[in-house]
file final-v1.txt (compact mmCIF, C-alpha atoms and all ligand atoms)
# COMPACT_ATOMS: atom_id res chain seq x y z
CA MET A 3 94.49 -80.28 158.83
CA THR A 4 94.19 -77.93 161.77
CA THR A 5 93.09 -79.68 164.93
CA HIS A 6 92.52 -76.73 167.16
CA THR A 7 89.61 -78.01 169.21
CA SER A 8 90.03 -76.36 172.60
CA ASP A 9 86.62 -75.46 173.98
CA GLU A 10 87.96 -74.34 177.31
CA ILE A 11 87.70 -70.66 176.56
CA GLY A 12 85.60 -68.76 179.09
CA LEU A 13 82.22 -67.37 178.11
CA PHE A 14 83.27 -63.74 178.37
CA ASP A 15 86.51 -64.39 176.50
CA ALA A 16 84.41 -65.87 173.72
CA ILE A 17 81.91 -63.02 173.71
CA PHE A 18 84.61 -60.37 173.63
CA THR A 19 86.52 -62.05 170.79
CA THR A 20 83.76 -63.34 168.53
CA ARG A 21 84.36 -61.21 165.48
CA ALA A 22 83.32 -61.74 161.89
CA MET A 23 86.07 -64.08 160.70
CA ARG A 24 85.84 -63.77 156.94
CA ARG A 25 89.11 -65.31 155.85
CA LEU A 26 88.79 -69.07 156.28
CA LYS A 27 90.98 -71.99 155.38
CA PRO A 28 89.36 -74.58 153.12
CA ASP A 29 90.55 -77.37 155.49
CA PRO A 30 87.71 -79.68 156.47
CA VAL A 31 86.11 -79.28 159.88
CA PRO A 32 85.39 -82.52 161.77
CA ASP A 33 81.70 -83.42 161.74
CA GLU A 34 81.63 -83.72 165.53
CA LEU A 35 82.59 -80.04 165.85
CA ILE A 36 79.79 -78.98 163.53
CA ARG A 37 77.40 -81.13 165.56
CA LYS A 38 78.56 -79.44 168.75
CA VAL A 39 78.08 -76.02 167.19
CA LEU A 40 74.55 -77.01 166.16
CA GLU A 41 73.81 -78.36 169.64
CA ALA A 42 74.85 -74.97 171.02
CA GLY A 43 72.48 -73.31 168.54
CA LEU A 44 69.64 -75.51 169.75
CA CYS A 45 70.14 -74.28 173.30
CA ALA A 46 68.88 -70.85 172.29
CA PRO A 47 65.43 -69.56 173.23
CA SER A 48 62.61 -69.50 170.69
CA GLY A 49 59.20 -67.86 171.02
CA GLY A 50 56.87 -70.24 172.87
CA ASP A 51 59.74 -72.75 172.81
CA VAL A 52 58.42 -73.90 169.44
CA GLN A 53 61.97 -74.61 168.19
CA ASN A 54 60.82 -74.17 164.62
CA TRP A 55 64.38 -73.61 163.46
CA ARG A 56 65.94 -75.77 160.79
CA PHE A 57 69.61 -75.85 159.81
CA ILE A 58 71.04 -76.98 156.51
CA VAL A 59 74.71 -77.97 156.78
CA VAL A 60 75.98 -77.42 153.27
CA LYS A 61 79.20 -79.19 152.32
CA ASP A 62 78.41 -80.11 148.71
CA PRO A 63 80.83 -78.12 146.50
CA GLU A 64 78.30 -77.52 143.74
CA ILE A 65 75.58 -76.26 146.08
CA LYS A 66 78.11 -74.01 147.84
CA ARG A 67 79.17 -72.65 144.45
CA GLN A 68 75.57 -71.92 143.45
CA LEU A 69 75.11 -70.02 146.71
CA GLN A 70 78.36 -68.11 146.16
CA ILE A 71 77.22 -66.99 142.72
CA ARG A 72 74.11 -65.35 144.29
CA TYR A 73 76.09 -63.99 147.24
CA LYS A 74 78.57 -62.38 144.84
CA ARG A 75 75.89 -60.97 142.57
CA ALA A 76 74.26 -59.44 145.64
CA LEU A 77 77.53 -57.74 146.60
CA ASP A 78 77.88 -56.35 143.09
CA ASP A 79 74.42 -54.82 143.59
CA VAL A 80 75.33 -53.01 146.82
CA ILE A 81 79.10 -52.50 146.82
CA GLU A 82 78.94 -48.87 145.67
CA ARG A 83 76.59 -48.07 148.54
CA TYR A 84 78.90 -49.85 150.99
CA ARG A 85 81.84 -47.84 149.68
CA SER A 86 80.07 -44.51 150.00
CA ASN A 87 78.64 -45.21 153.47
CA PRO A 88 80.46 -43.55 156.37
CA PRO A 89 82.56 -45.86 158.59
CA PRO A 90 80.61 -47.73 161.29
CA PRO A 91 80.29 -45.86 164.61
CA GLY A 92 83.65 -45.39 166.28
CA LYS A 93 85.57 -46.77 163.30
CA THR A 94 88.05 -44.99 161.01
CA GLU A 95 88.07 -44.93 157.21
CA GLU A 96 91.04 -47.29 157.41
CA GLN A 97 89.12 -49.78 159.55
CA LYS A 98 86.19 -49.53 157.15
CA ALA A 99 88.49 -50.21 154.20
CA ARG A 100 89.89 -53.27 155.98
CA MET A 101 86.40 -54.54 156.66
CA LEU A 102 85.35 -54.03 153.04
CA ALA A 103 88.41 -55.91 151.85
CA ALA A 104 87.44 -58.79 154.14
CA VAL A 105 83.83 -58.63 152.92
CA GLU A 106 85.05 -58.87 149.34
CA TYR A 107 87.40 -61.72 150.24
CA LEU A 108 84.62 -63.73 151.85
CA THR A 109 82.38 -63.06 148.88
CA GLU A 110 84.94 -64.36 146.39
CA HIS A 111 85.71 -67.41 148.56
CA PHE A 112 82.25 -68.09 150.03
CA HIS A 113 82.07 -71.55 148.44
CA GLU A 114 85.53 -72.49 149.71
CA ALA A 115 84.42 -72.42 153.34
CA PRO A 116 84.26 -76.09 154.30
CA VAL A 117 80.80 -75.67 155.79
CA LEU A 118 77.95 -73.24 155.29
CA ILE A 119 75.22 -73.45 157.91
CA VAL A 120 71.98 -72.11 156.53
CA CYS A 121 69.69 -71.04 159.36
CA CYS A 122 65.97 -71.28 158.63
CA LEU A 123 62.58 -71.06 160.28
CA VAL A 124 59.64 -73.20 159.31
CA ASP A 125 56.08 -71.97 159.87
CA ASP A 126 57.22 -68.62 161.28
CA TYR A 127 54.16 -67.76 163.36
CA ALA A 128 55.30 -64.18 163.91
CA ARG A 129 55.21 -63.52 160.19
CA LYS A 130 51.78 -65.12 159.92
CA LEU A 131 50.54 -62.75 162.63
CA GLY A 132 52.13 -59.79 160.85
CA LEU A 133 54.51 -59.22 163.78
CA GLU A 134 57.33 -58.06 161.58
CA LYS A 135 59.64 -57.12 164.44
CA MET A 136 59.35 -60.56 166.00
CA SER A 137 60.15 -62.40 162.83
CA GLY A 138 63.68 -63.64 163.16
CA ALA A 139 63.62 -63.37 166.94
CA SER A 140 63.38 -67.15 167.15
CA ILE A 141 66.41 -67.83 164.97
CA TYR A 142 68.99 -65.13 165.64
CA PRO A 143 69.61 -66.19 169.26
CA ALA A 144 70.50 -69.63 167.85
CA VAL A 145 72.70 -67.97 165.25
CA GLN A 146 74.60 -66.11 167.97
CA ASN A 147 75.03 -69.32 169.97
CA ILE A 148 76.46 -70.93 166.85
CA LEU A 149 78.92 -68.05 166.40
CA LEU A 150 80.02 -68.29 170.03
CA ALA A 151 80.34 -72.07 169.96
CA ALA A 152 82.40 -71.87 166.78
CA ARG A 153 84.67 -69.34 168.50
CA ALA A 154 85.03 -71.62 171.52
CA LEU A 155 86.13 -74.44 169.23
CA GLY A 156 88.68 -72.28 167.43
CA LEU A 157 86.52 -71.99 164.32
CA GLY A 158 85.92 -68.76 162.44
CA ALA A 159 82.42 -67.80 161.39
CA THR A 160 80.40 -64.84 160.14
CA LEU A 161 76.71 -64.08 160.32
CA THR A 162 75.70 -63.27 156.74
CA THR A 163 72.33 -62.33 155.29
CA ARG A 164 73.18 -60.82 151.92
CA HIS A 165 71.91 -63.90 150.07
CA LEU A 166 68.42 -62.60 150.89
CA ILE A 167 68.76 -60.18 147.98
CA TYR A 168 68.34 -63.30 145.81
CA GLU A 169 66.21 -65.17 148.32
CA LYS A 170 63.95 -66.99 145.89
CA GLU A 171 66.88 -68.37 143.90
CA VAL A 172 68.58 -69.45 147.12
CA ASP A 173 65.40 -71.17 148.33
CA GLN A 174 65.32 -73.12 145.11
CA ILE A 175 68.98 -74.12 145.29
CA LEU A 176 68.40 -75.44 148.81
CA GLY A 177 65.07 -77.10 148.03
CA LEU A 178 63.15 -75.16 150.68
CA PRO A 179 59.45 -75.95 151.05
CA PRO A 180 57.06 -72.96 150.80
CA ASN A 181 56.58 -72.77 154.59
CA ALA A 182 60.31 -72.39 155.30
CA GLU A 183 62.61 -69.43 154.89
CA THR A 184 66.26 -68.68 155.38
CA PHE A 185 67.50 -66.01 157.79
CA ALA A 186 71.27 -66.38 157.72
CA ILE A 187 74.11 -68.29 156.15
CA ILE A 188 77.11 -68.87 158.39
CA PRO A 189 80.35 -69.84 156.65
CA ILE A 190 82.47 -71.81 159.13
CA GLY A 191 86.07 -72.95 158.94
CA TYR A 192 89.45 -72.61 160.56
CA PRO A 193 90.45 -68.96 160.44
CA MET A 194 93.48 -67.75 158.51
CA GLY A 195 94.04 -64.92 160.98
CA ARG A 196 93.93 -64.77 164.72
CA PHE A 197 90.99 -64.02 166.93
CA GLY A 198 91.14 -60.62 168.57
CA PRO A 199 88.97 -58.34 170.63
CA VAL A 200 85.85 -56.88 169.03
CA SER A 201 85.74 -53.12 168.95
CA ARG A 202 82.48 -51.35 169.75
CA GLN A 203 81.23 -48.06 171.12
CA PRO A 204 81.33 -47.62 174.91
CA VAL A 205 78.20 -48.44 176.92
CA GLU A 206 77.70 -44.75 177.76
CA LYS A 207 77.10 -43.97 174.10
CA VAL A 208 74.26 -46.39 173.65
CA ALA A 209 72.62 -46.97 177.05
CA PHE A 210 70.25 -44.75 179.03
CA ILE A 211 68.91 -44.91 182.56
CA ASP A 212 65.14 -45.13 183.06
CA ARG A 213 64.16 -42.94 180.10
CA TRP A 214 65.54 -42.22 176.65
CA GLY A 215 68.26 -39.61 176.85
CA ASN A 216 69.08 -39.95 180.58
CA PRO A 217 72.84 -40.50 180.61
CA TYR A 218 73.97 -43.92 181.74
CA LYS A 219 76.75 -43.57 184.32
C1 LIG B 301 71.84 -58.73 160.43
C2 LIG B 301 73.29 -58.91 160.04
C3 LIG B 301 73.59 -59.18 158.73
C4 LIG B 301 74.92 -59.35 158.34
N1 LIG B 301 75.19 -59.69 157.04
C5 LIG B 301 76.48 -59.85 156.67
C6 LIG B 301 76.78 -60.26 155.34
O1 LIG B 301 75.92 -60.54 154.51
N2 LIG B 301 78.09 -60.40 155.01
C7 LIG B 301 79.10 -60.16 155.90
O2 LIG B 301 80.27 -60.31 155.54
N3 LIG B 301 78.83 -59.80 157.18
C8 LIG B 301 77.56 -59.63 157.57
N4 LIG B 301 77.26 -59.30 158.88
C9 LIG B 301 78.36 -59.15 159.85
C10 LIG B 301 78.58 -57.70 160.23
O3 LIG B 301 79.09 -57.00 159.15
C11 LIG B 301 79.54 -57.70 161.41
O4 LIG B 301 78.87 -58.27 162.50
C12 LIG B 301 80.00 -56.32 161.78
O5 LIG B 301 80.74 -55.80 160.73
C13 LIG B 301 80.88 -56.34 163.03
O6 LIG B 301 82.00 -57.11 162.75
P1 LIG B 301 83.00 -57.54 163.90
O7 LIG B 301 82.21 -58.38 164.85
O8 LIG B 301 84.09 -58.30 163.21
O9 LIG B 301 83.49 -56.29 164.55
C14 LIG B 301 75.96 -59.18 159.29
C15 LIG B 301 75.64 -58.94 160.62
C16 LIG B 301 74.31 -58.82 161.00
C17 LIG B 301 73.99 -58.60 162.46
call {"tool": "encode", "arguments": {"input": "final-v1.txt", "output": "structure tokens", "more": "lines below"}}
Ligand SMILES: Cc1cc2nc3c(=O)[nH]c(=O)nc-3n(C[C@H](O)[C@H](O)[C@H](O)COP(=O)(O)O)c2cc1C
result
Amino acid sequence: MTTHTSDEIGLFDAIFTTRAMRRLKPDPVPDELIRKVLEAGLCAPSGGDVQNWRFIVVKDPEIKRQLQIRYKRALDDVIERYRSNPPPPGKTEEQKARMLAAVEYLTEHFHEAPVLIVCCLVDDYARKLGLEKMSGASIYPAVQNILLAARALGLGATLTTRHLIYEKEVDQILGLPPNAETFAIIPIGYPMGRFGPVSRQPVEKVAFIDRWGNPYK
């Protein structure tokens, strides 16, 4: 079993190297590391500090398999669109092909990740108020903290949402009550590959000064 537990990585090192790590070893992850990752998630802000997040740590092989079946079916539904989409901004066709291969790998092996953390909200007040853009705003900061904490502990993780294509079936598999909903499933495990820098567009391409369109220098 891998015992890479160093959490001494600096915050910016973690931010700049927290990539989607889709190839994971099936080796178990110590419970105390998952607890630490969850504690990091709980440090995130939530609207009105209501902390109405809930996390399901799925380790049961059969439940993971049931989730994988939906996750795979969802990829089958969208894969042609993924293939015909242009590469993400600033990426080459080759980089896109590598990403798609990793997406397909994770999809086939989703249930082999030692842990899936399902991130939920209960009584999402934003949804009740019809504030569509705010829905999710109280769970995704926690999701990002979880990704960063996993990185700090040498664990690979990926934010995934594709299960939402079969949301109702997933809710049933997980026994969700009617007032709860899932927003992400994060497979976590020791990565097969190495962490490396994320690659994104430069700030100048996406930031403005004062008003839309004013170049950021
Ligand atoms: C809202 C959202 C949904 C995502 N859903 C999935 C998903 O279902 N499956 C997956 O493999 N990656 C998913 N991702 C991960 C993105 O594909 C990933 O962040 C992006 O490709 C950048 O990858 P990188 O950080 O490795 O450069 C999702 C990311 C976000 C923000």
call {"tool": "residues_near_ligand", "arguments": {"input": "final-v1.txt", "ligand": "ligand LIG 301 (chain B)", "cutoff": "7 Å", "atoms": "only C-alpha atoms and all ligand atoms", "output": "PyMOL selection string"}}
result
chain A and resi 20-24+105+108+160-165+200-201
call {"tool": "residues_around", "arguments": {"input": "final-v1.txt", "residues": "A:Asp78", "least_positions_apart": "4", "cutoff": "12 Å", "atoms": "only C-alpha atoms", "output": "number ranges by chain"}}
result
A: 71-74, 82-85, 105-106, 109-110, 164-165, 167
call {"tool": "atom_distance", "arguments": {"input": "final-v1.txt", "atom1": "atom CA of A:Lys66", "atom2": "atom CA of A:Val117"}}
result
8.6 Å
call {"tool": "residues_around", "arguments": {"input": "final-v1.txt", "residues": "A:Gln53", "least_positions_apart": "2", "cutoff": "12 Å", "atoms": "all atoms listed in the file", "output": "count of residues only"}}
result
23
call {"tool": "atom_distance", "arguments": {"input": "final-v1.txt", "atom1": "atom CA of A:Leu150", "atom2": "atom CA of A:Arg75"}}
result
28.7 Å
call {"tool": "closest_residue", "arguments": {"input": "final-v1.txt", "among": "A:Arg196, A:Lys61, A:Lys135, A:Arg202", "to": "A:Ile36", "atoms": "only C-alpha atoms"}}
result
A:Lys61
call {"tool": "residues_around", "arguments": {"input": "final-v1.txt", "residues": "A:Leu166", "least_positions_apart": "2", "cutoff": "10 Å", "atoms": "all atoms listed in the file", "output": "PyMOL selection string"}}
result
chain A and resi 72-73+76+162-164+168-173+183-187
call {"tool": "residues_around", "arguments": {"input": "final-v1.txt", "residues": "A:Tyr192", "least_positions_apart": "5", "cutoff": "9 Å", "atoms": "only C-alpha atoms", "output": "list in words"}}
result
Thr4, His6, Arg25, Leu26, Lys27, Pro28, Asp29, Pro30, Val31, Ala115, Pro116, Gly156, Leu157, Gly158 and Ala159 of chain A
call {"tool": "atom_distance", "arguments": {"input": "final-v1.txt", "atom1": "atom CA of A:Glu64", "atom2": "atom CA of A:Pro189"}}
result
15.2 Å
